[in-house]
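Source file: query-v1.txt. Holds: compact mmCIF, C-alpha atoms.
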# COMPACT_ATOMS: atom_id res chain seq x y z
CA MET A 1 139.87 129.73 85.92
CA LYS A 2 137.23 132.45 85.92
CA THR A 3 137.99 133.14 89.56
CA VAL A 4 141.70 133.68 88.82
CA ILE A 5 140.92 136.01 85.91
CA LEU A 6 138.48 138.08 87.97
CA LYS A 7 140.93 138.39 90.86
CA THR A 8 143.64 139.54 88.45
CA LEU A 9 141.28 142.05 86.84
CA LEU A 10 140.28 143.35 90.26
CA GLY A 11 143.90 143.95 91.19
CA GLN A 12 144.60 145.74 87.91
CA ILE A 13 141.65 148.09 88.32
CA GLN A 14 142.58 148.84 91.91
CA GLY A 15 146.16 149.56 90.90
CA LEU A 16 145.46 151.58 87.76
CA SER A 17 142.38 153.58 88.47
CA GLY A 18 141.98 153.63 92.22
CA ASN A 19 138.29 154.15 91.54
CA PRO A 20 136.26 152.61 94.38
CA HIS A 21 133.18 152.29 92.14
CA SER A 22 135.13 150.09 89.74
CA THR A 23 136.29 147.98 92.64
CA ILE A 24 132.72 147.52 93.88
CA LEU A 25 131.56 146.61 90.37
CA ILE A 26 134.22 143.97 89.94
CA ARG A 27 133.56 142.56 93.41
CA LYS A 28 129.88 142.16 92.52
CA LEU A 29 130.87 140.50 89.27
CA TYR A 30 133.19 138.19 91.14
CA MET A 31 130.53 137.24 93.69
CA ALA A 32 127.79 136.64 91.06
CA SER A 33 129.88 134.88 88.46
CA PRO A 34 129.25 131.13 88.00
CA SER A 35 132.42 129.22 88.46
CA ASN A 36 133.51 125.67 88.89
CA ASP A 37 134.56 126.46 92.44
CA SER A 38 131.15 127.56 93.78
CA ALA A 39 128.14 127.68 91.45
CA ALA A 40 124.90 128.94 92.94
CA PRO A 41 122.46 126.00 93.17
CA VAL A 42 118.96 126.27 91.74
CA SER A 43 116.27 126.57 94.42
CA GLU A 44 113.25 126.64 92.09
CA PHE A 45 112.25 126.00 88.49
CA LEU A 46 110.15 128.01 86.06
CA LEU A 47 107.51 126.15 84.03
CA ILE A 48 106.89 127.47 80.51
CA CYS A 49 103.63 126.05 79.15
CA PHE A 50 103.06 126.11 75.39
CA PRO A 51 106.05 128.28 74.43
CA ASP A 52 104.66 128.98 70.94
CA PHE A 53 101.17 129.94 72.17
CA GLN A 54 101.75 132.18 75.16
CA SER A 55 99.00 134.60 74.10
CA TRP A 56 96.43 131.78 73.97
CA GLN A 57 96.92 130.56 77.51
CA HIS A 58 93.87 132.33 78.96
CA TRP A 59 91.67 130.81 76.28
CA LEU A 60 93.18 127.37 76.77
CA SER A 61 92.42 127.58 80.46
CA LEU A 62 88.66 127.61 79.83
CA PRO A 63 88.27 124.11 78.34
CA LEU A 64 91.00 122.82 80.65
CA SER A 65 89.17 124.03 83.77
CA LEU A 66 85.87 122.58 82.51
CA LEU A 67 87.51 119.20 81.86
CA PHE A 68 89.11 119.35 85.29
CA LEU A 69 85.78 120.01 87.00
CA LEU A 70 84.14 117.26 84.94
CA ALA A 71 86.84 114.74 85.80
CA MET A 72 86.79 115.58 89.51
CA GLY A 73 82.99 115.57 89.63
CA ALA A 74 82.68 112.25 87.78
CA ASN A 75 85.32 110.55 89.92
CA THR A 76 83.81 111.87 93.13
CA THR A 77 80.33 110.79 92.06
CA LEU A 78 81.62 107.34 91.25
CA LEU A 79 83.33 106.97 94.64
CA ILE A 80 80.30 108.20 96.58
CA THR A 81 77.91 105.96 94.65
CA ILE A 82 80.02 102.87 95.24
CA GLN A 83 80.36 103.77 98.91
CA LEU A 84 76.63 104.32 99.48
CA GLU A 85 75.20 101.54 97.31
CA SER A 86 75.66 98.21 99.09
CA SER A 87 74.99 96.22 95.92
CA LEU A 88 78.19 97.68 94.46
CA HIS A 89 80.40 96.45 97.29
CA GLN A 90 82.06 93.94 94.99
CA PRO A 91 85.72 93.37 94.05
CA LEU A 92 85.39 94.82 90.55
CA TYR A 93 83.93 98.08 91.87
CA TYR A 94 86.60 98.27 94.56
CA LEU A 95 89.18 98.19 91.76
CA LEU A 96 87.21 100.84 89.91
CA SER A 97 87.29 102.96 93.09
CA LEU A 98 91.07 102.57 93.21
CA PHE A 99 91.29 103.75 89.62
CA SER A 100 89.16 106.81 90.41
CA LEU A 101 91.36 107.67 93.39
CA LEU A 102 94.45 107.47 91.17
CA ASP A 103 92.78 109.77 88.65
CA ILE A 104 91.88 112.28 91.35
CA VAL A 105 95.45 112.41 92.67
CA LEU A 106 96.89 112.81 89.16
CA CYS A 107 94.43 115.59 88.34
CA LEU A 108 95.19 117.45 91.58
CA THR A 109 98.92 117.04 91.02
CA VAL A 110 98.99 118.43 87.50
CA ILE A 111 96.00 120.60 86.59
CA PRO A 112 95.82 123.19 89.43
CA LYS A 113 99.44 124.20 88.78
CA VAL A 114 98.77 124.50 85.05
CA LEU A 115 95.74 126.70 85.70
CA ALA A 116 97.77 128.82 88.13
CA ILE A 117 100.27 129.41 85.33
CA PHE A 118 97.53 130.29 82.84
CA TRP A 119 95.56 132.59 85.15
CA PHE A 120 98.11 134.15 87.50
CA ASP A 121 101.44 133.58 85.70
CA LEU A 122 102.71 131.61 88.73
CA ARG A 123 105.41 129.74 86.83
CA SER A 124 107.77 129.01 89.70
CA ILE A 125 107.79 125.64 91.41
CA SER A 126 110.07 124.81 94.30
CA PHE A 127 112.78 122.19 94.10
CA PRO A 128 111.01 119.69 96.46
CA ALA A 129 107.57 120.27 94.89
CA CYS A 130 108.94 119.61 91.41
CA PHE A 131 110.43 116.25 92.33
CA LEU A 132 107.38 115.29 94.38
CA GLN A 133 105.24 115.93 91.31
CA MET A 134 107.66 113.86 89.23
CA PHE A 135 107.33 110.95 91.66
CA ILE A 136 103.53 111.06 91.72
CA ILE A 137 103.27 111.21 87.93
CA ASN A 138 105.67 108.32 87.37
CA SER A 139 104.29 106.08 90.10
CA PHE A 140 100.57 106.73 89.65
CA LEU A 141 100.66 106.19 85.88
CA THR A 142 102.14 102.74 86.38
CA MET A 143 99.62 102.13 89.18
CA GLU A 144 96.84 102.74 86.66
CA SER A 145 98.43 100.25 84.29
CA CYS A 146 98.77 97.70 87.09
CA THR A 147 95.12 98.21 88.05
CA PHE A 148 94.13 97.44 84.45
CA MET A 149 96.10 94.20 84.75
CA VAL A 150 94.27 93.20 87.94
CA MET A 151 90.93 94.00 86.27
CA ALA A 152 91.91 91.80 83.33
CA TYR A 153 92.62 88.94 85.75
CA ASP A 154 89.23 89.55 87.37
CA HIS A 155 87.54 89.15 83.97
CA TYR A 156 89.65 86.08 83.20
CA VAL A 157 88.49 84.32 86.36
CA ALA A 158 84.88 85.41 85.87
CA ILE A 159 84.68 83.96 82.34
CA CYS A 160 87.16 81.08 82.36
CA HIS A 161 86.48 79.85 85.92
CA PRO A 162 83.04 81.22 86.85
CA LEU A 163 82.37 78.60 89.55
CA ARG A 164 85.63 79.43 91.32
CA TYR A 165 85.21 83.21 91.01
CA PRO A 166 83.68 83.77 94.50
CA SER A 167 86.50 81.84 96.16
CA ILE A 168 89.32 83.49 94.16
CA ILE A 169 88.23 87.12 93.76
CA THR A 170 87.48 87.96 97.37
CA ASP A 171 87.79 91.11 99.43
CA GLN A 172 91.09 89.79 100.73
CA PHE A 173 92.30 89.37 97.16
CA VAL A 174 91.39 92.98 96.38
CA ALA A 175 93.18 94.20 99.52
CA ARG A 176 96.34 92.30 98.59
CA ALA A 177 96.06 93.56 95.00
CA VAL A 178 95.82 97.18 96.17
CA VAL A 179 98.89 96.76 98.37
CA PHE A 180 100.76 95.17 95.47
CA VAL A 181 99.73 97.93 93.02
CA ILE A 182 100.90 100.70 95.35
CA ALA A 183 104.06 99.06 96.71
CA ARG A 184 105.44 97.75 93.41
CA ASN A 185 105.04 100.95 91.45
CA ALA A 186 106.02 103.33 94.24
CA PHE A 187 109.18 101.33 95.02
CA VAL A 188 110.30 101.10 91.39
CA SER A 189 109.39 104.71 90.54
CA LEU A 190 111.01 106.30 93.61
CA PRO A 191 114.59 106.29 92.20
CA VAL A 192 113.49 108.43 89.22
CA PRO A 193 113.03 111.70 91.18
CA MET A 194 115.86 110.73 93.54
CA LEU A 195 118.31 110.42 90.64
CA SER A 196 117.11 113.73 89.21
CA ALA A 197 117.31 115.48 92.59
CA ARG A 198 120.95 114.49 93.11
CA LEU A 199 122.01 116.22 89.89
CA ARG A 200 123.56 119.69 89.97
CA TYR A 201 121.37 122.48 88.61
CA SER A 202 123.33 125.69 88.29
CA VAL A 203 123.08 126.71 84.63
CA GLY A 204 119.37 127.14 83.92
CA ASN A 205 116.03 126.62 85.63
CA ILE A 206 113.50 127.07 82.80
CA ILE A 207 111.45 123.91 82.11
CA LYS A 208 109.72 124.01 78.73
CA ASN A 209 106.78 121.98 79.96
CA CYS A 210 103.74 122.37 82.19
CA ILE A 211 104.84 119.58 84.52
CA CYS A 212 108.08 118.30 85.98
CA THR A 213 108.92 115.31 83.84
CA ASN A 214 112.24 113.56 84.28
CA LEU A 215 113.38 114.35 80.75
CA SER A 216 112.43 118.03 80.94
CA VAL A 217 114.12 118.58 84.31
CA SER A 218 117.25 116.44 84.10
CA LYS A 219 118.40 117.96 80.82
CA LEU A 220 118.85 121.27 82.66
CA SER A 221 121.64 119.71 84.72
CA CYS A 222 125.30 120.07 83.85
CA ASP A 223 125.94 116.46 84.97
CA ASP A 224 125.78 113.29 82.94
CA ILE A 225 122.15 112.10 82.85
CA THR A 226 122.65 108.87 80.88
CA PHE A 227 121.99 106.57 83.84
CA ASN A 228 119.03 108.69 84.91
CA GLN A 229 117.36 108.34 81.52
CA LEU A 230 118.32 104.68 81.21
CA TYR A 231 116.75 103.80 84.56
CA GLN A 232 113.46 105.48 83.74
CA PHE A 233 113.36 103.80 80.33
CA VAL A 234 114.06 100.33 81.74
CA ALA A 235 111.82 100.72 84.81
CA GLY A 236 108.95 102.27 82.87
CA TRP A 237 108.88 99.70 80.11
CA THR A 238 109.40 96.84 82.55
CA LEU A 239 106.36 97.86 84.58
CA LEU A 240 104.13 98.84 81.67
CA GLY A 241 105.40 96.04 79.45
CA SER A 242 104.81 93.31 82.03
CA ASP A 243 101.31 94.62 82.70
CA LEU A 244 100.53 94.69 78.99
CA ILE A 245 101.83 91.14 78.47
CA LEU A 246 99.71 89.78 81.33
CA ILE A 247 96.66 91.66 80.01
CA ILE A 248 97.16 90.17 76.54
CA ILE A 249 97.56 86.67 78.02
CA SER A 250 94.37 87.07 80.08
CA TYR A 251 92.32 88.19 77.10
CA SER A 252 93.79 85.46 74.93
CA PHE A 253 92.42 82.85 77.36
CA ILE A 254 89.13 84.75 77.56
CA LEU A 255 88.79 84.81 73.78
CA LYS A 256 89.59 81.11 73.56
CA VAL A 257 86.85 80.26 76.07
CA VAL A 258 84.31 82.65 74.55
CA LEU A 259 84.68 81.09 71.11
CA ARG A 260 83.80 77.69 72.62
CA ILE A 261 80.59 78.89 74.28
CA LYS A 262 77.49 77.42 72.61
CA ALA A 263 74.75 78.96 74.77
CA GLU A 264 72.65 81.60 73.05
CA GLY A 265 73.64 85.13 74.04
CA ALA A 266 76.56 83.96 76.18
CA VAL A 267 79.18 85.15 73.70
CA ALA A 268 77.59 88.57 73.41
CA LYS A 269 77.38 88.90 77.20
CA ALA A 270 81.00 87.88 77.68
CA LEU A 271 82.23 90.23 74.99
CA SER A 272 80.10 93.04 76.41
CA THR A 273 81.65 92.48 79.84
CA CYS A 274 85.22 92.60 78.56
CA GLY A 275 84.77 94.89 75.57
CA SER A 276 84.53 98.15 77.52
CA HIS A 277 87.55 97.24 79.63
CA PHE A 278 89.57 96.32 76.55
CA ILE A 279 88.66 99.65 74.92
CA LEU A 280 89.84 101.51 78.03
CA ILE A 281 93.13 99.60 77.99
CA PHE A 282 93.56 100.37 74.31
CA PHE A 283 92.87 104.06 74.91
CA PHE A 284 95.30 104.21 77.82
CA SER A 285 98.05 102.40 75.91
CA THR A 286 97.55 104.41 72.71
CA VAL A 287 97.70 107.79 74.44
CA LEU A 288 100.73 106.69 76.45
CA LEU A 289 102.48 105.42 73.31
CA VAL A 290 101.77 108.65 71.42
CA LEU A 291 103.02 110.60 74.43
CA VAL A 292 106.31 108.66 74.45
CA ILE A 293 106.79 109.04 70.68
CA THR A 294 106.14 112.78 70.72
CA ASN A 295 108.57 113.28 73.60
CA LEU A 296 111.26 111.31 71.75
CA ALA A 297 110.66 113.25 68.53
CA ARG A 298 110.66 116.75 70.00
CA LYS A 299 113.01 118.02 67.29
CA THR A 300 110.57 117.20 64.47
CA ILE A 301 107.26 117.78 66.29
CA PRO A 302 106.11 121.21 67.56
CA PRO A 303 106.99 121.47 71.28
CA ASP A 304 103.40 122.25 72.25
CA VAL A 305 102.13 118.82 71.09
CA PRO A 306 103.81 116.68 73.81
CA ILE A 307 102.97 119.33 76.41
CA LEU A 308 99.27 119.14 75.50
CA LEU A 309 99.33 115.33 75.55
CA ASN A 310 101.03 115.39 78.95
CA ILE A 311 98.17 117.46 80.37
CA LEU A 312 95.33 115.55 78.72
CA HIS A 313 96.78 112.19 79.70
CA HIS A 314 96.61 113.15 83.38
CA LEU A 315 93.27 114.92 83.07
CA ILE A 316 90.85 112.70 81.16
CA PRO A 317 89.97 109.53 83.08
CA PRO A 318 88.85 107.09 80.36
CA GLU A 319 86.94 104.74 82.66
CA ILE A 320 84.53 107.34 84.02
CA LYS A 321 81.85 107.11 81.34
CA GLN A 322 81.72 103.32 81.34
CA GLY A 323 81.90 103.16 85.13
CA ILE A 324 78.90 105.44 85.58
CA GLN A 325 76.97 103.52 82.92
CA ASN A 326 77.62 100.28 84.79
CA LEU A 327 76.49 101.87 88.03
CA LEU A 328 73.24 103.08 86.49
CA LYS A 329 72.56 99.59 85.13
CA ARG A 330 72.98 98.10 88.59
CA LEU A 331 70.76 100.67 90.37
How would this structure read if it were set down as structure tokens?
Amino acid sequence: MKTVILKTLLGQIQGLSGNPHSTILIRKLYMASPSNDSAAPVSEFLLICFPDFQSWQHWLSLPLSLLFLLAMGANTTLLITIQLESSLHQPLYYLLSLFSLLDIVLCLTVIPKVLAIFWFDLRSISFPACFLQMFIINSFLTMESCTFMVMAYDHYVAICHPLRYPSIITDQFVARAVVFVIARNAFVSLPVPMLSARLRYSVGNIIKNCICTNLSVSKLSCDDITFNQLYQFVAGWTLLGSDLILIIISYSFILKVVLRIKAEGAVAKALSTCGSHFILIFFFSTVLLVLVITNLARKTIPPDVPILLNILHHLIPPEIKQGIQNLLKRL
């Protein structure tokens, strides 16, 4: 309809005024106007971090960069220590190495771009890079959850079936577990960015977030995003929910066995072994739950709150402190 109106207006100006400048102006308007016939597709997005605190971004970058360096240094130290110390070549520490690798990838995917926005105002992110970031965030978060589940099973076997532990939790078991963690979560998470990428983006390209989340990006589209949001909701809660259920079942059996132990100090040792892992799971689940709630309640919560939680959730690796403490005890 807009195309017909502009063509009619162009003819009227040419017929009435004969002014070539008016004709050029209308032709430019006709070529640049968004229409249903040919809307210019979006080739990049603009990330707007902390919309209500733009003047504070340089100050926010200081603690963020320090936390980033701390997280990268701690994860790297953990990986190198496990690699060099032969006494740590055990299934549990292999799983801890996997967790550190996931943390490193998440940090490198999210934080450098945020710091580039804070320091150099580099807000643009290309179409492919945005959806690649979306895939990594969605898949690696569920990989972390799945790794927690495998660790819970490791503790279950160690406490409930200690004599069978060496024959069950082997290097082959860890290798199969790593393949399962990566394949399951990558396969299920892949449709999320694919569904978002197939949408038409021709109205706006400003993302009010520091990262490319499915909700933040897909709502810019002029297409129906109901199925897109439904798939992420079902897939996300299926993966995270199944992991959480298996973790609860494992610790229920562990608690049942621990309460039956009569040997002096055995209960304290068992609880000490599982307590730190349970705290890490609780931290991970709590932050993730708060993140989901704040994103669902954006209309009643300041927009900067979910943005901050998004960053911190990918930045702070909760297992680092306990992992290093365990390494120091073994050395």
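Coordinates place atom CA of Cys49 of chain A at a distance of 7.8 Å from atom CA of Ile117 of chain A.
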Any chance you could work out the axis-aligned box around segment 64-76 of chain A, listed atoms only, 3 Å on each side, giving centre and edge lengths in Å to one decimal, as AutoDock Vina command-line options?
--center_x 86.8 --center_y 117.3 --center_z 86.9 --size_x 14.3 --size_y 19.5 --size_z 18.5
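Distance annotation: of A:Ile245, A:Leu98, A:Leu240, A:Leu47, the residue with the minimal separation from Asp121 of chain A is A:Leu47; atom set is all atoms listed in the file.
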Residues of segment 93-160 of chain A at most 9 Å from segment 175-184 of chain A: nearest atom pair and distance in Å, only C-alpha atoms, as a Markdown table:
| residue | atom | partner | partner_atom | distance |
| --- | --- | --- | --- | --- |
| A:Leu95 | CA | A:Val178 | CA | 8.0 |
| A:Leu98 | CA | A:Val178 | CA | 7.8 |
| A:Ser139 | CA | A:Ile182 | CA | 8.2 |
| A:Phe140 | CA | A:Ile182 | CA | 8.3 |
| A:Thr142 | CA | A:Val181 | CA | 8.5 |
| A:Met143 | CA | A:Val181 | CA | 5.7 |
| A:Glu144 | CA | A:Val181 | CA | 8.5 |
| A:Cys146 | CA | A:Val181 | CA | 6.0 |
| A:Thr147 | CA | A:Val181 | CA | 6.8 |
| A:Val150 | CA | A:Ala177 | CA | 7.3 |
With distances taken over all atoms listed in the file, the candidate from A:Met151, A:Leu199, A:Met72, A:Ala129 nearest Lys113 of chain A is A:Ala129
Tell me, counting all atoms listed in the file, for each residue of segment 166-215 of chain A within 7 Å of segment 220-229 of chain A, which pair of atoms is nearest and how far apart they are in Å to one decimal, in rows ordered by chain and increasing number, as CSV.
residue,atom,partner,partner_atom,distance
A:Leu195,CA,A:Asn228,CA,6.0
A:Ser196,CA,A:Asn228,CA,6.9
A:Leu199,CA,A:Ser221,CA,6.2
A:Arg200,CA,A:Ser221,CA,5.6
A:Tyr201,CA,A:Ser221,CA,4.8
A:Gly204,CA,A:Leu220,CA,6.0
A:Asn205,CA,A:Leu220,CA,6.7
What separates atom CA of Phe120 of chain A and atom CA of Thr213 of chain A is a distance of 22.0 Å
Compile the contact shell of segment 106-109 of chain A as an MDAnalysis selection string: residues with an atom at most 12 Å away, counting all atoms listed in the file, same-chain residues fewer than 6 positions apart removed.
chainID A and resid 64:65 67:73 75 99:100 115 129:144 210:212 310:317
Separating atom CA of Ile206 of chain A from atom CA of Ala116 of chain A, to the nearest tenth of an Å, is a gap of 16.7 Å
In terms of only C-alpha atoms, the residue from A:Pro63, A:Asn214, A:Ala186, A:Tyr153 at minimal distance from Leu244 of chain A is A:Tyr153
Check: Counting all atoms listed in the file, which of A:Ser189, A:Ser250, A:Asn209, A:Gln57 gets nearest to Phe233 of chain A?
Finding: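 So, comparing all the options, the nearest one is A:Ser189.
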